[in-house]
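J.: To be precise about what I am sending: the file is called final.pdb and holds PDB, C-alpha atoms, pLDDT in the B column.
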```pdb
ATOM      1  CA  MET A   1      22.372  -4.676 -20.980  1.00 63.00           C
ATOM      2  CA  SER A   2      21.053  -8.200 -20.711  1.00 81.00           C
ATOM      3  CA  GLY A   3      19.960 -10.855 -18.288  1.00 82.00           C
ATOM      4  CA  VAL A   4      23.104 -12.812 -19.169  1.00 86.00           C
ATOM      5  CA  ALA A   5      25.239  -9.853 -18.045  1.00 86.00           C
ATOM      6  CA  GLY A   6      23.286  -9.554 -14.796  1.00 87.00           C
ATOM      7  CA  ALA A   7      23.423 -13.301 -14.117  1.00 90.00           C
ATOM      8  CA  ARG A   8      27.143 -13.380 -14.923  1.00 92.00           C
ATOM      9  CA  ALA A   9      27.837 -10.507 -12.520  1.00 90.00           C
ATOM     10  CA  LEU A  10      25.706 -12.168  -9.846  1.00 91.00           C
ATOM     11  CA  LEU A  11      27.512 -15.518 -10.192  1.00 94.00           C
ATOM     12  CA  ALA A  12      30.961 -13.897 -10.318  1.00 94.00           C
ATOM     13  CA  ALA A  13      30.165 -12.096  -7.037  1.00 93.00           C
ATOM     14  CA  ASP A  14      28.794 -15.200  -5.296  1.00 95.00           C
ATOM     15  CA  SER A  15      31.254 -16.582  -2.737  1.00 96.00           C
ATOM     16  CA  ALA A  16      30.178 -20.231  -3.146  1.00 97.00           C
ATOM     17  CA  VAL A  17      30.592 -20.087  -6.944  1.00 98.00           C
ATOM     18  CA  ALA A  18      33.921 -18.232  -6.624  1.00 97.00           C
ATOM     19  CA  ALA A  19      35.209 -20.843  -4.178  1.00 98.00           C
ATOM     20  CA  LEU A  20      34.747 -23.483  -6.877  1.00 98.00           C
ATOM     21  CA  VAL A  21      35.666 -21.672 -10.128  1.00 98.00           C
ATOM     22  CA  GLY A  22      37.475 -18.511  -9.042  1.00 96.00           C
ATOM     23  CA  ASP A  23      36.768 -15.735 -11.541  1.00 94.00           C
ATOM     24  CA  ARG A  24      36.076 -18.147 -14.406  1.00 96.00           C
ATOM     25  CA  VAL A  25      32.435 -17.213 -15.119  1.00 97.00           C
ATOM     26  CA  TYR A  26      32.321 -16.633 -18.875  1.00 96.00           C
ATOM     27  CA  ARG A  27      30.019 -15.491 -21.631  1.00 93.00           C
ATOM     28  CA  LYS A  28      32.622 -16.487 -24.233  1.00 92.00           C
ATOM     29  CA  VAL A  29      34.975 -19.378 -23.530  1.00 91.00           C
ATOM     30  CA  LYS A  30      38.386 -19.795 -25.134  1.00 85.00           C
ATOM     31  CA  ARG A  31      39.015 -23.229 -26.610  1.00 82.00           C
ATOM     32  CA  ASN A  32      41.565 -24.296 -23.988  1.00 83.00           C
ATOM     33  CA  ALA A  33      40.016 -22.550 -20.980  1.00 89.00           C
ATOM     34  CA  THR A  34      41.227 -23.650 -17.567  1.00 93.00           C
ATOM     35  CA  LEU A  35      38.834 -25.961 -15.757  1.00 93.00           C
ATOM     36  CA  PRO A  36      36.569 -25.642 -13.880  1.00 96.00           C
ATOM     37  CA  TYR A  37      34.384 -22.799 -15.145  1.00 96.00           C
ATOM     38  CA  VAL A  38      30.822 -21.600 -15.675  1.00 97.00           C
ATOM     39  CA  HIS A  39      29.612 -20.633 -19.163  1.00 96.00           C
ATOM     40  CA  LEU A  40      26.447 -18.597 -19.783  1.00 96.00           C
ATOM     41  CA  THR A  41      24.627 -18.149 -23.085  1.00 94.00           C
ATOM     42  CA  ARG A  42      21.297 -16.601 -24.014  1.00 91.00           C
ATOM     43  CA  SER A  43      18.975 -18.972 -25.851  1.00 85.00           C
ATOM     44  CA  ASP A  44      15.841 -16.829 -26.016  1.00 81.00           C
ATOM     45  CA  VAL A  45      14.624 -13.340 -25.117  1.00 78.00           C
ATOM     46  CA  ASP A  46      11.136 -11.867 -24.905  1.00 76.00           C
ATOM     47  CA  TRP A  47      11.006  -8.081 -24.554  1.00 70.00           C
ATOM     48  CA  ARG A  48       7.751  -7.076 -22.877  1.00 65.00           C
ATOM     49  CA  PRO A  49       6.927  -3.416 -23.336  1.00 63.00           C
ATOM     50  CA  THR A  50       5.192  -1.492 -20.608  1.00 62.00           C
ATOM     51  CA  ILE A  51       1.664  -0.276 -21.260  1.00 67.00           C
ATOM     52  CA  ASP A  52       2.792   3.336 -21.609  1.00 65.00           C
ATOM     53  CA  GLY A  53       5.992   2.481 -23.509  1.00 62.00           C
ATOM     54  CA  THR A  54       8.313   3.754 -20.780  1.00 61.00           C
ATOM     55  CA  ALA A  55      11.521   2.189 -19.588  1.00 59.00           C
ATOM     56  CA  ASN A  56      11.670  -0.289 -16.721  1.00 58.00           C
ATOM     57  CA  ARG A  57       9.960  -2.980 -18.754  1.00 72.00           C
ATOM     58  CA  LEU A  58      10.240  -6.593 -17.690  1.00 79.00           C
ATOM     59  CA  VAL A  59      12.299  -8.841 -19.961  1.00 85.00           C
ATOM     60  CA  ASN A  60      12.062 -12.635 -19.988  1.00 88.00           C
ATOM     61  CA  GLU A  61      15.392 -14.149 -21.013  1.00 90.00           C
ATOM     62  CA  THR A  62      16.228 -17.840 -21.159  1.00 92.00           C
ATOM     63  CA  ILE A  63      19.825 -18.439 -20.152  1.00 94.00           C
ATOM     64  CA  ASP A  64      21.709 -21.697 -20.495  1.00 94.00           C
ATOM     65  CA  VAL A  65      24.329 -22.210 -17.795  1.00 95.00           C
ATOM     66  CA  ASP A  66      27.022 -24.858 -18.199  1.00 94.00           C
ATOM     67  CA  SER A  67      28.986 -26.007 -15.145  1.00 95.00           C
ATOM     68  CA  VAL A  68      32.158 -27.437 -16.691  1.00 93.00           C
ATOM     69  CA  ALA A  69      34.744 -29.441 -14.744  1.00 93.00           C
ATOM     70  CA  ALA A  70      37.236 -32.280 -15.036  1.00 89.00           C
ATOM     71  CA  THR A  71      35.103 -34.588 -12.869  1.00 87.00           C
ATOM     72  CA  ALA A  72      31.397 -35.223 -12.442  1.00 85.00           C
ATOM     73  CA  GLU A  73      31.709 -34.471  -8.720  1.00 88.00           C
ATOM     74  CA  GLN A  74      33.148 -31.006  -9.427  1.00 92.00           C
ATOM     75  CA  ALA A  75      30.465 -30.276 -12.029  1.00 91.00           C
ATOM     76  CA  VAL A  76      27.719 -31.289  -9.571  1.00 91.00           C
ATOM     77  CA  ALA A  77      29.163 -29.023  -6.864  1.00 95.00           C
ATOM     78  CA  ILE A  78      29.415 -26.066  -9.264  1.00 96.00           C
ATOM     79  CA  ASP A  79      25.885 -26.658 -10.557  1.00 94.00           C
ATOM     80  CA  LYS A  80      24.562 -26.714  -6.983  1.00 94.00           C
ATOM     81  CA  ALA A  81      26.296 -23.405  -6.132  1.00 96.00           C
ATOM     82  CA  VAL A  82      25.001 -21.818  -9.361  1.00 96.00           C
ATOM     83  CA  ARG A  83      21.433 -23.000  -8.696  1.00 93.00           C
ATOM     84  CA  GLU A  84      21.489 -21.680  -5.138  1.00 94.00           C
ATOM     85  CA  ALA A  85      22.887 -18.304  -6.220  1.00 93.00           C
ATOM     86  CA  LEU A  86      20.325 -17.890  -9.010  1.00 91.00           C
ATOM     87  CA  GLN A  87      17.366 -19.144  -6.969  1.00 86.00           C
ATOM     88  CA  ASP A  88      18.168 -16.539  -4.306  1.00 80.00           C
ATOM     89  CA  ALA A  89      18.216 -13.773  -6.948  1.00 80.00           C
ATOM     90  CA  ASN A  90      14.916 -11.994  -6.388  1.00 79.00           C
ATOM     91  CA  GLU A  91      14.942  -8.216  -6.780  1.00 81.00           C
ATOM     92  CA  VAL A  92      18.757  -7.983  -6.722  1.00 80.00           C
ATOM     93  CA  THR A  93      20.800  -5.627  -8.884  1.00 80.00           C
ATOM     94  CA  HIS A  94      24.121  -6.514 -10.529  1.00 75.00           C
ATOM     95  CA  ALA A  95      25.831  -4.731 -13.432  1.00 73.00           C
ATOM     96  CA  GLY A  96      22.930  -2.268 -13.749  1.00 77.00           C
ATOM     97  CA  ILE A  97      20.392  -5.082 -14.167  1.00 78.00           C
ATOM     98  CA  THR A  98      17.677  -5.798 -11.617  1.00 84.00           C
ATOM     99  CA  ILE A  99      16.876  -9.486 -11.609  1.00 86.00           C
ATOM    100  CA  ALA A 100      13.221  -9.764 -10.610  1.00 86.00           C
ATOM    101  CA  ALA A 101      12.979 -13.564 -10.537  1.00 85.00           C
ATOM    102  CA  VAL A 102      14.714 -16.731 -11.730  1.00 89.00           C
ATOM    103  CA  VAL A 103      12.990 -20.027 -12.570  1.00 88.00           C
ATOM    104  CA  ILE A 104      14.862 -23.216 -13.418  1.00 88.00           C
ATOM    105  CA  GLU A 105      13.485 -24.767 -16.612  1.00 87.00           C
ATOM    106  CA  GLY A 106      15.462 -28.007 -16.864  1.00 83.00           C
ATOM    107  CA  GLY A 107      18.837 -29.463 -17.573  1.00 79.00           C
ATOM    108  CA  ALA A 108      21.094 -32.323 -18.548  1.00 74.00           C
ATOM    109  CA  GLU A 109      24.397 -33.906 -17.598  1.00 71.00           C
ATOM    110  CA  ASP A 110      27.030 -34.853 -20.159  1.00 70.00           C
ATOM    111  CA  VAL A 111      30.524 -36.300 -20.189  1.00 64.00           C
ATOM    112  CA  THR A 112      32.439 -35.114 -23.219  1.00 65.00           C
ATOM    113  CA  PRO A 113      35.276 -37.385 -24.323  1.00 59.00           C
ATOM    114  CA  PRO A 114      38.487 -35.960 -25.749  1.00 54.00           C
ATOM    115  CA  ASP A 115      38.162 -34.805 -29.348  1.00 60.00           C
ATOM    116  CA  ASN A 116      41.708 -33.805 -30.196  1.00 56.00           C
ATOM    117  CA  GLY A 117      43.914 -36.542 -28.776  1.00 55.00           C
ATOM    118  CA  ASP A 118      44.055 -35.037 -25.289  1.00 58.00           C
ATOM    119  CA  ASP A 119      43.402 -37.251 -22.294  1.00 58.00           C
ATOM    120  CA  LEU A 120      41.046 -34.643 -20.844  1.00 62.00           C
ATOM    121  CA  VAL A 121      37.481 -35.741 -20.241  1.00 68.00           C
ATOM    122  CA  VAL A 122      35.087 -32.925 -19.401  1.00 81.00           C
ATOM    123  CA  SER A 123      31.932 -33.207 -17.290  1.00 86.00           C
ATOM    124  CA  ILE A 124      29.234 -30.682 -18.082  1.00 87.00           C
ATOM    125  CA  ILE A 125      25.968 -30.024 -16.312  1.00 89.00           C
ATOM    126  CA  SER A 126      23.708 -27.742 -18.333  1.00 90.00           C
ATOM    127  CA  GLN A 127      20.701 -25.975 -16.870  1.00 93.00           C
ATOM    128  CA  SER A 128      18.239 -23.578 -18.465  1.00 92.00           C
ATOM    129  CA  TYR A 129      16.899 -20.694 -16.420  1.00 93.00           C
ATOM    130  CA  LEU A 130      14.184 -18.173 -17.150  1.00 90.00           C
ATOM    131  CA  VAL A 131      15.536 -14.866 -15.858  1.00 89.00           C
ATOM    132  CA  GLN A 132      13.090 -11.976 -15.527  1.00 87.00           C
ATOM    133  CA  TRP A 133      14.923  -8.664 -15.393  1.00 86.00           C
ATOM    134  CA  ARG A 134      14.673  -4.933 -15.950  1.00 80.00           C
ATOM    135  CA  ASN A 135      17.134  -2.052 -16.077  1.00 72.00           C
TER     136      ASN A 135
END
```
Would you mind writing the structure in this file as structure tokens?
T.:
Amino acid sequence: MSGVAGARALLAADSAVAALVGDRVYRKVKRNATLPYVHLTRSDVDWRPTIDGTANRLVNETIDVDSVAATAEQAVAIDKAVREALQDANEVTHAGITIAAVVIEGGAEDVTPPDNGDDLVVSIISQSYLVQWRN
């Protein structure tokens, strides 16, 4: 169980995100993945034990979310749908994870030129979110 798994399940179930990327919300991306897609990775985790050591502890997990598309306009639209879905995630349960709160921490936009002779240029908007969750 992890905040990444809960956030992935939440985004995969969100109709606005699905309208833009279909079911392409990944934790691991294949090299030639079909565009557009959303990629989630965990960059930090802070396990906070409860006072009595029981379950149901709150975990702070920093998740990086990449909205990847062939154009900047697509990437912006995906990023907006992702932000709205995550910002609305207060006390919701997906994949056995209860997401208590989500805070956006910052982000960046990048255009990645082809690196292997392809003509494909990829636009990526990366955002970091602090996801507080418990199981």
J.: List the neighbours of stretch 124-132 of chain A out to 9 Å using all atoms listed in the file; skip same-chain residues closer than 5 positions along the sequence, and give me the result as a VMD selection string.
T.: chain A and resid 3 to 4 7 43 58 to 72 75 to 76 78 to 79 83 86 98 to 112
J.: Mind pulling up the distance from atom CA of A:Leu11 to atom CA of A:Asp44?
T.: 19.7 Å
J.: Which polymer residues have any atom within 7 Å of an atom of stretch 18-23 of chain A, counting all atoms listed in the file, with same-chain residues fewer than 5 positions away left out, as number ranges by chain?
T.: A: 12, 36-37, 78
J.: Find the spatial neighbours of A:Ala9, counting only C-alpha atoms, within a cut-off of 10 Å - ignore same-chain residues fewer than 5 positions away - and output them as a list in words.
T.: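 Non-adjacent residues within range: Gly3, Val4, Asp14, Val25, Tyr26, Thr93, His94, Ala95, Gly96 and Ile97 of chain A.
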J.: Would you compute the distance between atom CA of A:Ala85 and atom CA of A:Asn32? Give it in Å to one decimal.
T.: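 It comes out at 26.5 Å.
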